[in-house]
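These notes concern the structure reproduced below.
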Protein chains: 2
Amino acid sequence: MIKQVFLFHEGNKALKGLLGSKGANLAEMTRIGLPVPPGFTITTTACIAYLKSQSMLTDDLKCQVLEAMQSIETETDRIFGHQRNPLFVSVRSGAQISMPGMMETILNLGLNDETIHGLIAQTQDERFAYDSYRRLISMFGNVVFGIDKDVFETCITQMKKTRRVSHDTELTAKDWQAIVVQFKEQFQAHAGRPFPQAPNEQLWLAIEAVFKSWNIPRAVAYRKHHHIPHDLGTAVNIQSMVFGNMGDDSATGVAFTRNPATGEKALYGEYLVNAQGEDVVAGIRTPQKISALAKKMPAVYQQFEEIATRLEEHYKEMQDIEFTIEKGRLYILQTRTGKRTARAAVQIAVDFVREGILSPKEAILMVDANQLPQLLLPAFDEVSKARNRANLVALGLGASPGAASGKIVFSPDEAEALAAKGQNIILVRPETTPDDIHGIIAAKGILTSRGGSTSHAAVVARGMGKPCVAGCESAKVDLKREILTIQGREIRKGEVLSIDGATGEVFLGQLETVEPRIEDEFEMLLSWADQYRTLGVRANADTPEDARKARKLGAKGIGLCRTEHMFMQHDRLPVMQRMILATDAEERQTCLNQLLPMQRDDFRGIFRAMEGHPVTIRLLDPPLHEFLPNMEELIEAVTALRILQPFSEELKEKETLLKTVRQMHESNPMLGFRGCRLGLLYPEINRMQVEAIFEAATDLVAEGLDIQPEIMIPLVGTAEELRRLRVQLERDAQAVMEREAVQVPYQFGTMIEVPRAALTAHEIAEYADFFSFGTNDLTQLTYGYSRDDAEGKFLSAYIEQGILPRNPFETLDTQGVGQLIAMAAEKGRRIQPNLKLGICGEHGGDAQSVAFCHQGGLNYVSCSPFRVPVARVAGAQAAIREAMEKQQAPQKPDLISV
Amino acid sequence: MIKQVFLFHEGNKALKGLLGSKGANLAEMTRIGLPVPPGFTITTTACIAYLKSQSMLTDDLKCQVLEAMQSIETETDRIFGHQRNPLFVSVRSGAQISMPGMMETILNLGLNDETIHGLIAQTQDERFAYDSYRRLISMFGNVVFGIDKDVFETCITQMKKTRRVSHDTELTAKDWQAIVVQFKEQFQAHAGRPFPQAPNEQLWLAIEAVFKSWNIPRAVAYRKHHHIPHDLGTAVNIQSMVFGNMGDDSATGVAFTRNPATGEKALYGEYLVNAQGEDVVAGIRTPQKISALAKKMPAVYQQFEEIATRLEEHYKEMQDIEFTIEKGRLYILQTRTGKRTARAAVQIAVDFVREGILSPKEAILMVDANQLPQLLLPAFDEVSKARNRANLVALGLGASPGAASGKIVFSPDEAEALAAKGQNIILVRPETTPDDIHGIIAAKGILTSRGGSTSHAAVVARGMGKPCVAGCESAKVDLKREILTIQGREIRKGEVLSIDGATGEVFLGQLETVEPRIEDEFEMLLSWADQYRTLGVRANADTPEDARKARKLGAKGIGLCRTEHMFMQHDRLPVMQRMILATDAEERQTCLNQLLPMQRDDFRGIFRAMEGHPVTIRLLDPPLHEFLPNMEELIEAVTALRILQPFSEELKEKETLLKTVRQMHESNPMLGFRGCRLGLLYPEINRMQVEAIFEAATDLVAEGLDIQPEIMIPLVGTAEELRRLRVQLERDAQAVMEREAVQVPYQFGTMIEVPRAALTAHEIAEYADFFSFGTNDLTQLTYGYSRDDAEGKFLSAYIEQGILPRNPFETLDTQGVGQLIAMAAEKGRRIQPNLKLGICGEHGGDAQSVAFCHQGGLNYVSCSPFRVPVARVAGAQAAIREAMEKQQAPQKPDLISV
């Protein structure tokens, strides 16, 4: 006889495979002596045996269940099905891995036309008893016999109409009694049989229903999609019911063991006397703070405090506890890790170490690294937000966290002008382009009506740590009239909006913000992380200011300095445009000669800010037409001028410009004439950049500084591209160093961002000192998704509908993109064992992706300055987990499952 | 002592590694007894030894060379350096693999101030002797001492000025004698030493120069790029000079063993009496036909005929022979495989079999499969082309072969209207879009000023077997004024142009074309090929007409039927547009209901034409905005209407339309909302298509026909996409079959065209009966090249400059894209051993790519109808080569070198 049923006190948290997650947890709490209502778990293997057999509960299983029921009866001193002293139980499914869409709970099992009288006697509450009974009938009907919930809801709606009341709570005991009669009729009509009165029959049917729910199509599809084996099966938990509404010595509530907003060490929660959980949710009575319980039921409160401490110490986590007090007796119904703000998470982690609950290693593992940037950004004061709830006019995509209030303007130029006068500005655009960069820099926050979380506005704003709400589709932007229309309401230039880039909320008017400050606890946590981390952390920074910010946040170098942003600056763009439109080499060179000193100054500033650490500079990457005026606007202008001023000079000029813009236009610029393709066919641009880099570096080295430039060639797809550029540009670099008579240690390398580069990495590695994985573009090309288009057009829907488990632009797709990275790393290092490997896409600041980079043996990750703490902590977490796994299993598991 | 020198009669063609390609060939001809001027070869190992040592010719090597020289002297009865009876030799490099940029030839070695008198005595031609001497000095100076050729050219130019003549041939013996003096002065000035008079010194220096040329940077770079090992070395060929200008019993000429235009079995070539090779090239004297030699020197002619036959039989190839007759004695200087037209190639291959020279297998291998489409397309009559040379006004990209003349028009509508009246039309556009499809169908040929060989115009034209010249950048298309400007010349609508889509030539006026016909020999060759071929061949066809054409050319099924072209037809586009612009589901469904019967008719026609074979139908692939009007034109229209008719209904309508077009606009449509992404989020379109397919199929199966539909889902990147679509669409298919009570055998599968699909093929294969590699898109995404943009913007330059060895859109990139294909094949078949694999990109009609598909174990290739013969022959060639390799080496080599 195989043991198929485990009483709670027979199990423990290690038996998740056999008892499911919920069952193991209930067993664990029982085991450590907490007051859990007695119960038992039917194992997952029983479920599998049932499904494999002719789908009949075996006598053996039934015997074991009945024996366990007897055990509950003894413990509760109640009897299942007894008319006067009845025991009621709940039945819940519980697989090893949580699976949405599986069977729900059935409560109050054991209620029938007879036992209800026992319940009435126990509770002295007829209304409650009938309410409980009708709940059993509908839950049971729905779950076991698949009867539509609406069938039952209609009866209640009808009853409320008849009684002229609008809330369920206004129905009386009599009403519910009548409804129970109707429910039973409906049950008979739809199930083709009467509602089972025999408690054991209720029990067998409920258990079978849970077993069967393992194989409903939704559950099967979910498992397939998430690669969960189909032969795990689900466990069934059967537990005696307790009621918090048995009088004034009864209550129900929830509490956190610490303050989830601040991390302060004090119970935090609320409870309701003489109530059930659903009463708290209904919100008709106002619950009391948990501290009030200390006065009302001091003994119970003290017991609860002790349990809270116990649970924290046992689970080594701040807990979120559900409890019920039945006639002065405390029951713990559930405990789980409590959700908290970033601030609380850090405080709690550090406090746990101080209190001796956790080691620093464990404390690091406890923190959700992705949450940390919250700590570095201003946020709206929660009180102010609550007060302004009515002014919440739109909800876009929370594209770059942080909060800002300011006057709206529609033109980047105006944003710049007004910001220069000290005004707080929110820049509003349909979407942004590199032309708008000065406006983005000047504004406190960005609001766009189009584009997703990887649109230009979002990416740039995140890089700057500036709030951005993107893709706010309910907002119409009229650039001509300078009016923003939301829900029919016209908001004019100069009116004040507040945007929350974390939540996507847009408020009318000014909200108060709270400024961030780096707390000591945060510093401490980060310093612990650095002790365990082996992965390097750099930042993506294009300006000296960003470089300084990154360094302050712990970045040890720059992994990506994008040079194109430098050309977008107001004083440089016209020169850049002249260079692009130049008709002869001489004019082009003249422009480049003008740009060179500007770039040199940029590089000097960045090198100085990152002195002592490597700075990876990516040579010009975007297609040249990105620097030219927008084609659509030009077409409009030319069309209008042709009608209104057909003989004007302006028309002639604009027509010429339009012709060039049209010639340079590309139908898929992402796949176009950019990166090293430009560098090979217009070598003079790269040459100017390399000269500027080495002029800056030699200057500073001459001053005695430690400067480590790394020149990075973008968009390489074949080894020959890199070979040619390296030969040519190294010659230019040498020439500068010879001229200045200063040697600078430097490296040449490439981005791996085109799938073919990963596939032929063994060839490319011959000419590279380092590879930097440009995972943004690599993800675009591996999936065939355009970052600029996908989000708004189909990516959000894909994620919502579960076609994709997550956004591959946020968290690295380890199966596809990751496979290419692992391949390139292996092929590259086979040729160049010392090849330095890093990643500089947005993924460098995502915790899961950072873990992948650690496992894949990369040397460093690089991310926007504000995400540097994420990388520091996530890198440490990955190293700690790896060490733990190595201890457990000597051989390292395969990185990539193919 | 290692043998470092081989006399010609000591070697043979198998010794290419040791003697280089040229040396082995000269040895082979000598070996089989042909009259080759005596000579010898210094081995490649001698070269390597020289380069590895202190770069000194060893005494050992010198001894062996001198010994070989003596042997030549004996055979020629002349002496190297002898004043009266001098021997002269040529020195040429000759590596195993032909490498451009290596050292050139030095002729006339042994000439000096003394031996020149011997030459004068031998030839009785003082002018010739001094001309030969000055050639030696300049060649030697340039090759051995790196003196710029211009240094010498200037002397000649100066002399002609002084003599007031314009051609070299007008200079006299005296003039040349004077030039020799000047050349020697220049030599001294630049080389810092006198021109070496000692013949042996000339010899040693020339040999060293050849050795050293192996390591010049250009050669090293070339080898790196083409993966040629650096340690092969080059051989040196030293051969006695013969002169065809020693009187009327001397001559020089070239001849093909068969007619290279028609394949007719008859010597075909020309010769000049008393002349050297360069006189033929100079074109001052008109050469005589080779047949004339039969009368002039019957014995020599007969000998030559015998040699020609001998060489053909020996090399088993039609030969292109260079010969010289010196004083009545025939010398063969070179023989190589002759270039020929496709027609000649087929004729010769079949004739060789008939003559017993080749087996059918060998005959198949002899044909260049890629040439075959020439046979199916009209071409300009060569005579007419030559006569119209002056009318050649532009040269674009030969994007789709074939020739056409017609009146130019600029609008697809007008093309359709005029073609309906029986006029021959050339459609001229800046580039084409799917909107222009009816114009392309109507036109005889297409000319575009933009776009590459994989632009829309090119791809569509090739699919239709219609000539297209694309990317003709010197042509400016003014659609408004309907004028084409080429080289400042305005060509108006209605004027006649002739375009050659094979060469990219554009002529003014009408040229005569010759129509193609499938000759019996072609049929025979193809039928042989089918016997050896194991790879299946299908066609890409979107209409019943194309399907019939493909079937006639030997396609056994359709590998790609693109359904979008069906929606582009004139009567359907408006319905399609209404469907896209529909604001509610009902209106959308109404439109789809209108489209369904049209699609059903299309499918019925295609199924019927391909009865008995599978037909792979790809569900809708392009983004929906491709069916809407052009955004730029709409902006123009709206801007103009706003000024001119601000209150008109038309403005309102156009503004609404523009708004939608703008909303749907994508910055990178290639990476956008299309393929299965559309299918998942707008399921009703796919459903309509599947219903149409199965309604058509059930109809025909009911008639008793054998119909094999294969439903293909495009752009799949994750298994979940395919799983969902398959579940949903198979349900729709089943519903139709049940309704019609007819079962149709069908398959569901997917394109592999996104890199991620290849990387996760093991997951995708779970839901696929077949994979079809969409190598066009797969190439775009693997390289990150946009087909529409790359060619004109950088791809041509990349190929010209040797950055890319070839256009990856024409010939499959086996290293990168091919690696993904091999990976997907392996991963897919691991899960589904019977998974059917095919390729349906343009590569399916390219011989090299077809060979790759055979080696990779694919089941079939699919290509445009006109390239079906290419695939049939190339498939056979690959199978034959594989069988030969297996015989040679029992184990199969790795497909992919990683």
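Chain identifiers are assigned as A, B, and so on, following the order in which chains appear in the structure tokens; residues are numbered from 1 within each chain, and ligands are numbered from 1 in order of appearance.
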Problem set entry | All residues 6 Å or closer to Ser498 of chain A, only C-alpha atoms, same chain fewer than 3 positions away omitted, as a list in words | Ala404, Ser405, Val506, Phe507 and Gln510 of chain A
Residue selection dump (all heavy atoms) as a JSON list (two decimals), in the first residue's frame:
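Contents of result32.json, freshly written:
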[["chain", "number", "residue", "atom", "x", "y", "z"],
["A", 404, "ALA", "N", 7.45, 63.56, -12.57],
["A", 404, "ALA", "CA", 7.73, 64.96, -12.88],
["A", 404, "ALA", "C", 6.43, 65.72, -13.10],
["A", 404, "ALA", "O", 5.47, 65.17, -13.63],
["A", 404, "ALA", "CB", 8.62, 65.06, -14.10],
["A", 405, "SER", "N", 6.43, 66.99, -12.72],
["A", 405, "SER", "CA", 5.33, 67.89, -13.03],
["A", 405, "SER", "C", 5.91, 69.08, -13.79],
["A", 405, "SER", "O", 7.07, 69.45, -13.56],
["A", 405, "SER", "CB", 4.67, 68.41, -11.75],
["A", 405, "SER", "OG", 4.15, 67.35, -11.00],
["A", 506, "VAL", "N", -0.97, 59.82, -15.93],
["A", 506, "VAL", "CA", -0.88, 61.22, -16.31],
["A", 506, "VAL", "C", -1.94, 61.98, -15.52],
["A", 506, "VAL", "O", -3.12, 61.65, -15.60],
["A", 506, "VAL", "CB", -1.11, 61.40, -17.82],
["A", 506, "VAL", "CG1", -1.03, 62.87, -18.21],
["A", 506, "VAL", "CG2", -0.10, 60.57, -18.62],
["A", 507, "PHE", "N", -1.51, 62.98, -14.74],
["A", 507, "PHE", "CA", -2.42, 63.78, -13.93],
["A", 507, "PHE", "C", -2.47, 65.21, -14.44],
["A", 507, "PHE", "O", -1.48, 65.75, -14.90],
["A", 507, "PHE", "CB", -1.94, 63.85, -12.46],
["A", 507, "PHE", "CG", -1.91, 62.51, -11.77],
["A", 507, "PHE", "CD1", -0.79, 61.70, -11.86],
["A", 507, "PHE", "CD2", -3.00, 62.09, -11.02],
["A", 507, "PHE", "CE1", -0.75, 60.48, -11.21],
["A", 507, "PHE", "CE2", -2.96, 60.87, -10.36],
["A", 507, "PHE", "CZ", -1.85, 60.05, -10.46],
["A", 510, "GLN", "N", -0.39, 69.97, -10.65],
["A", 510, "GLN", "CA", 0.89, 69.71, -9.99],
["A", 510, "GLN", "C", 0.72, 68.67, -8.89],
["A", 510, "GLN", "O", -0.18, 68.75, -8.08],
["A", 510, "GLN", "CB", 1.36, 71.03, -9.39],
["A", 510, "GLN", "CG", 2.66, 70.97, -8.64],
["A", 510, "GLN", "CD", 3.83, 71.32, -9.53],
["A", 510, "GLN", "OE1", 3.67, 72.06, -10.50],
["A", 510, "GLN", "NE2", 5.00, 70.78, -9.23]]
Which residues of chain B come within 8 Å of chain A, and for each one, what is the closest pair of atoms and their distance in Å to one decimal, counting only C-alpha atoms, sorted by chain and residue number, as JSON lines?
{"residue": "B:His225", "atom": "CA", "partner": "A:Glu720", "partner_atom": "CA", "distance": 6.9}
{"residue": "B:Glu632", "atom": "CA", "partner": "A:Glu632", "partner_atom": "CA", "distance": 6.8}
{"residue": "B:Ile635", "atom": "CA", "partner": "A:Glu636", "partner_atom": "CA", "distance": 6.5}
{"residue": "B:Glu636", "atom": "CA", "partner": "A:Thr639", "partner_atom": "CA", "distance": 5.9}
{"residue": "B:Thr639", "atom": "CA", "partner": "A:Glu636", "partner_atom": "CA", "distance": 5.9}
{"residue": "B:Ala640", "atom": "CA", "partner": "A:Ala640", "partner_atom": "CA", "distance": 6.3}
{"residue": "B:Ile643", "atom": "CA", "partner": "A:Ala640", "partner_atom": "CA", "distance": 7.5}
{"residue": "B:Glu666", "atom": "CA", "partner": "A:Asp789", "partner_atom": "CA", "distance": 5.8}
{"residue": "B:Ser667", "atom": "CA", "partner": "A:Asn668", "partner_atom": "CA", "distance": 6.6}
{"residue": "B:Asn668", "atom": "CA", "partner": "A:Asn668", "partner_atom": "CA", "distance": 4.4}
{"residue": "B:Pro669", "atom": "CA", "partner": "A:Asn668", "partner_atom": "CA", "distance": 6.7}
{"residue": "B:Met670", "atom": "CA", "partner": "A:Asn668", "partner_atom": "CA", "distance": 6.6}
{"residue": "B:Leu671", "atom": "CA", "partner": "A:Tyr785", "partner_atom": "CA", "distance": 4.7}
{"residue": "B:Gly672", "atom": "CA", "partner": "A:Ser786", "partner_atom": "CA", "distance": 5.9}
{"residue": "B:Phe673", "atom": "CA", "partner": "A:Lys793", "partner_atom": "CA", "distance": 6.3}
{"residue": "B:Arg677", "atom": "CA", "partner": "A:Phe794", "partner_atom": "CA", "distance": 7.1}
{"residue": "B:Leu681", "atom": "CA", "partner": "A:Phe794", "partner_atom": "CA", "distance": 7.7}
{"residue": "B:Gly717", "atom": "CA", "partner": "A:Tyr783", "partner_atom": "CA", "distance": 6.0}
{"residue": "B:Glu720", "atom": "CA", "partner": "A:Ile803", "partner_atom": "CA", "distance": 6.0}
{"residue": "B:Glu721", "atom": "CA", "partner": "A:Ile803", "partner_atom": "CA", "distance": 6.5}
{"residue": "B:Val754", "atom": "CA", "partner": "A:Gly784", "partner_atom": "CA", "distance": 6.0}
{"residue": "B:Pro755", "atom": "CA", "partner": "A:Thr782", "partner_atom": "CA", "distance": 5.0}
{"residue": "B:Arg756", "atom": "CA", "partner": "A:Thr782", "partner_atom": "CA", "distance": 5.1}
{"residue": "B:Leu759", "atom": "CA", "partner": "A:Gly816", "partner_atom": "CA", "distance": 5.8}
{"residue": "B:Thr760", "atom": "CA", "partner": "A:Gly816", "partner_atom": "CA", "distance": 6.6}
{"residue": "B:His762", "atom": "CA", "partner": "A:Val898", "partner_atom": "CA", "distance": 7.6}
{"residue": "B:Gln780", "atom": "CA", "partner": "A:Leu671", "partner_atom": "CA", "distance": 7.8}
{"residue": "B:Leu781", "atom": "CA", "partner": "A:Leu781", "partner_atom": "CA", "distance": 5.4}
{"residue": "B:Thr782", "atom": "CA", "partner": "A:Pro755", "partner_atom": "CA", "distance": 5.0}
{"residue": "B:Tyr783", "atom": "CA", "partner": "A:Arg756", "partner_atom": "CA", "distance": 5.6}
{"residue": "B:Gly784", "atom": "CA", "partner": "A:Leu671", "partner_atom": "CA", "distance": 4.9}
{"residue": "B:Tyr785", "atom": "CA", "partner": "A:Leu671", "partner_atom": "CA", "distance": 4.7}
{"residue": "B:Ser786", "atom": "CA", "partner": "A:Leu671", "partner_atom": "CA", "distance": 4.8}
{"residue": "B:Asp788", "atom": "CA", "partner": "A:Ser667", "partner_atom": "CA", "distance": 6.8}
{"residue": "B:Asp789", "atom": "CA", "partner": "A:Glu666", "partner_atom": "CA", "distance": 5.8}
{"residue": "B:Ala790", "atom": "CA", "partner": "A:Gly672", "partner_atom": "CA", "distance": 6.1}
{"residue": "B:Lys793", "atom": "CA", "partner": "A:Phe673", "partner_atom": "CA", "distance": 6.4}
{"residue": "B:Phe794", "atom": "CA", "partner": "A:Phe673", "partner_atom": "CA", "distance": 6.5}
{"residue": "B:Ala797", "atom": "CA", "partner": "A:Leu681", "partner_atom": "CA", "distance": 7.8}
{"residue": "B:Ile803", "atom": "CA", "partner": "A:Glu720", "partner_atom": "CA", "distance": 6.0}
{"residue": "B:Leu804", "atom": "CA", "partner": "A:Glu720", "partner_atom": "CA", "distance": 7.8}
{"residue": "B:Gln815", "atom": "CA", "partner": "A:Thr760", "partner_atom": "CA", "distance": 7.3}
{"residue": "B:Gly816", "atom": "CA", "partner": "A:Arg756", "partner_atom": "CA", "distance": 5.4}
{"residue": "B:Val817", "atom": "CA", "partner": "A:Arg756", "partner_atom": "CA", "distance": 7.4}
{"residue": "B:Gln819", "atom": "CA", "partner": "A:Leu759", "partner_atom": "CA", "distance": 7.4}
{"residue": "B:Val898", "atom": "CA", "partner": "A:Thr760", "partner_atom": "CA", "distance": 7.5}
For this session: Name all residues at most 8 Å from segment 206-220 of chain B (count only C-alpha atoms; drop same-chain ones fewer than 4 positions away) and give them as a PyMOL selection string.
Result: chain B and resi 47+50-51+57+91-93+99-103+106+140+143-144+202+224+230+233-236
For this session: Identify, with DSSP run on backbone atoms, the residues in segment 450-583 of chain A assigned to strand (DSSP E or B), and express the list as a ChimeraX atom specification.
Result: /A:468-470,475-478,483-486,489-492,496-500,505-508,513-514,536-540,558-562
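The smallest atom-to-atom distance between Ala369 of chain A and any of A:Ile685, A:Glu264, A:Leu535, A:Ala342, using only C-alpha atoms, is found for A:Ala342.
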Exercise. Quick one: residues within 10 Å of Asp175 of chain A, only C-alpha atoms counted, chain neighbours fewer than 6 positions away excluded, as a count of residues only?
Worked result: 7
Exercise. Which residues, written as a PyMOL selection string, have at least one atom at most 6 Å from segment 606-610 of chain B, with only C-alpha atoms counted and residues fewer than 6 positions away on the same chain left out?
Worked result: chain B and resi 544+547-548
Extract, using only C-alpha atoms, all DNA, RNA and protein residues at most 6 Å from segment 34-43 of chain B, discarding same-chain residues fewer than 5 positions from it, and format them as a PDB file with N, CA, C and O atoms, in the first residue's frame.
ATOM      1  N   GLN B   4      63.713  20.401 -57.349  1.00  0.00           N
ATOM      2  CA  GLN B   4      62.993  21.678 -57.273  1.00  0.00           C
ATOM      3  C   GLN B   4      62.610  22.208 -58.647  1.00  0.00           C
ATOM      4  O   GLN B   4      61.967  23.245 -58.761  1.00  0.00           O
ATOM      5  N   VAL B   5      63.054  21.528 -59.654  1.00  0.00           N
ATOM      6  CA  VAL B   5      62.792  21.985 -61.019  1.00  0.00           C
ATOM      7  C   VAL B   5      62.285  20.803 -61.839  1.00  0.00           C
ATOM      8  O   VAL B   5      62.883  19.720 -61.802  1.00  0.00           O
ATOM      9  N   PHE B   6      61.155  21.003 -62.533  1.00  0.00           N
ATOM     10  CA  PHE B   6      60.592  19.946 -63.383  1.00  0.00           C
ATOM     11  C   PHE B   6      60.542  20.443 -64.823  1.00  0.00           C
ATOM     12  O   PHE B   6      59.909  21.468 -65.095  1.00  0.00           O
ATOM     13  N   LEU B   7      61.193  19.728 -65.718  1.00  0.00           N
ATOM     14  CA  LEU B   7      60.981  20.015 -67.134  1.00  0.00           C
ATOM     15  C   LEU B   7      59.535  19.710 -67.459  1.00  0.00           C
ATOM     16  O   LEU B   7      58.909  18.880 -66.801  1.00  0.00           O
ATOM     17  N   PHE B   8      59.009  20.379 -68.502  1.00  0.00           N
ATOM     18  CA  PHE B   8      57.585  20.180 -68.812  1.00  0.00           C
ATOM     19  C   PHE B   8      57.278  18.698 -69.002  1.00  0.00           C
ATOM     20  O   PHE B   8      56.240  18.208 -68.575  1.00  0.00           O
ATOM     21  N   LEU B  18      52.344  21.034 -56.715  1.00  0.00           N
ATOM     22  CA  LEU B  18      53.793  21.238 -56.792  1.00  0.00           C
ATOM     23  C   LEU B  18      54.167  22.226 -57.905  1.00  0.00           C
ATOM     24  O   LEU B  18      55.050  23.066 -57.738  1.00  0.00           O
ATOM     25  N   LEU B  19      53.478  22.128 -59.039  1.00  0.00           N
ATOM     26  CA  LEU B  19      53.871  22.918 -60.226  1.00  0.00           C
ATOM     27  C   LEU B  19      52.946  24.111 -60.465  1.00  0.00           C
ATOM     28  O   LEU B  19      53.163  24.879 -61.401  1.00  0.00           O
ATOM     29  N   GLY B  23      51.754  25.496 -64.688  1.00  0.00           N
ATOM     30  CA  GLY B  23      52.864  24.569 -64.916  1.00  0.00           C
ATOM     31  C   GLY B  23      52.374  23.160 -65.174  1.00  0.00           C
ATOM     32  O   GLY B  23      52.856  22.465 -66.092  1.00  0.00           O
ATOM     33  N   MET B  29      50.238  19.038 -71.511  1.00  0.00           N
ATOM     34  CA  MET B  29      50.226  19.133 -72.976  1.00  0.00           C
ATOM     35  C   MET B  29      51.510  18.563 -73.554  1.00  0.00           C
ATOM     36  O   MET B  29      51.506  17.892 -74.582  1.00  0.00           O
ATOM     37  N   ILE B  72      66.603  23.023 -72.355  1.00  0.00           N
ATOM     38  CA  ILE B  72      65.850  23.816 -73.349  1.00  0.00           C
ATOM     39  C   ILE B  72      66.751  24.176 -74.524  1.00  0.00           C
ATOM     40  O   ILE B  72      66.357  24.126 -75.687  1.00  0.00           O
ATOM     41  N   ALA B 235      54.564  28.644 -58.034  1.00  0.00           N
ATOM     42  CA  ALA B 235      55.592  28.067 -58.914  1.00  0.00           C
ATOM     43  C   ALA B 235      56.052  29.140 -59.899  1.00  0.00           C
ATOM     44  O   ALA B 235      55.436  30.200 -60.011  1.00  0.00           O
ATOM     45  N   VAL B 236      57.170  28.865 -60.599  1.00  0.00           N
ATOM     46  CA  VAL B 236      57.663  29.791 -61.630  1.00  0.00           C
ATOM     47  C   VAL B 236      57.830  28.996 -62.926  1.00  0.00           C
ATOM     48  O   VAL B 236      58.486  27.947 -62.921  1.00  0.00           O
ATOM     49  N   ASN B 237      57.193  29.506 -63.993  1.00  0.00           N
ATOM     50  CA  ASN B 237      57.294  28.827 -65.277  1.00  0.00           C
ATOM     51  C   ASN B 237      58.258  29.573 -66.185  1.00  0.00           C
ATOM     52  O   ASN B 237      58.113  30.783 -66.395  1.00  0.00           O
ATOM     53  N   ILE B 238      59.226  28.843 -66.725  1.00  0.00           N
ATOM     54  CA  ILE B 238      60.205  29.442 -67.634  1.00  0.00           C
ATOM     55  C   ILE B 238      60.119  28.677 -68.945  1.00  0.00           C
ATOM     56  O   ILE B 238      60.222  27.440 -68.966  1.00  0.00           O
ATOM     57  N   GLN B 239      59.829  29.445 -70.001  1.00  0.00           N
ATOM     58  CA  GLN B 239      59.515  28.791 -71.267  1.00  0.00           C
ATOM     59  C   GLN B 239      60.194  29.540 -72.410  1.00  0.00           C
ATOM     60  O   GLN B 239      60.256  30.768 -72.412  1.00  0.00           O
ATOM     61  N   SER B 240      60.677  28.756 -73.372  1.00  0.00           N
ATOM     62  CA  SER B 240      61.335  29.401 -74.516  1.00  0.00           C
ATOM     63  C   SER B 240      60.309  30.194 -75.321  1.00  0.00           C
ATOM     64  O   SER B 240      59.161  29.796 -75.459  1.00  0.00           O
ATOM     65  N   TYR B 331      53.063  25.813 -82.704  1.00  0.00           N
ATOM     66  CA  TYR B 331      53.232  25.684 -81.249  1.00  0.00           C
ATOM     67  C   TYR B 331      51.914  25.976 -80.550  1.00  0.00           C
ATOM     68  O   TYR B 331      51.214  26.920 -80.907  1.00  0.00           O
ATOM     69  N   ILE B 332      51.625  25.176 -79.561  1.00  0.00           N
ATOM     70  CA  ILE B 332      50.434  25.451 -78.729  1.00  0.00           C
ATOM     71  C   ILE B 332      50.923  26.170 -77.471  1.00  0.00           C
ATOM     72  O   ILE B 332      51.759  25.659 -76.734  1.00  0.00           O
TER      73      ILE B 332
END
Exercise. Could you work out how far atom CA of Val89 of chain B lies from atom CA of Leu109 of chain B, giving the answer in Å with one decimal?
Worked result: 5.1 Å
Exercise. Residues at most 9 Å from Pro287 of chain B, counting only C-alpha atoms, excluding those fewer than 5 positions away in the same chain, as an NGL selection string?
Worked result: :B and (253 or 270-273 or 280)
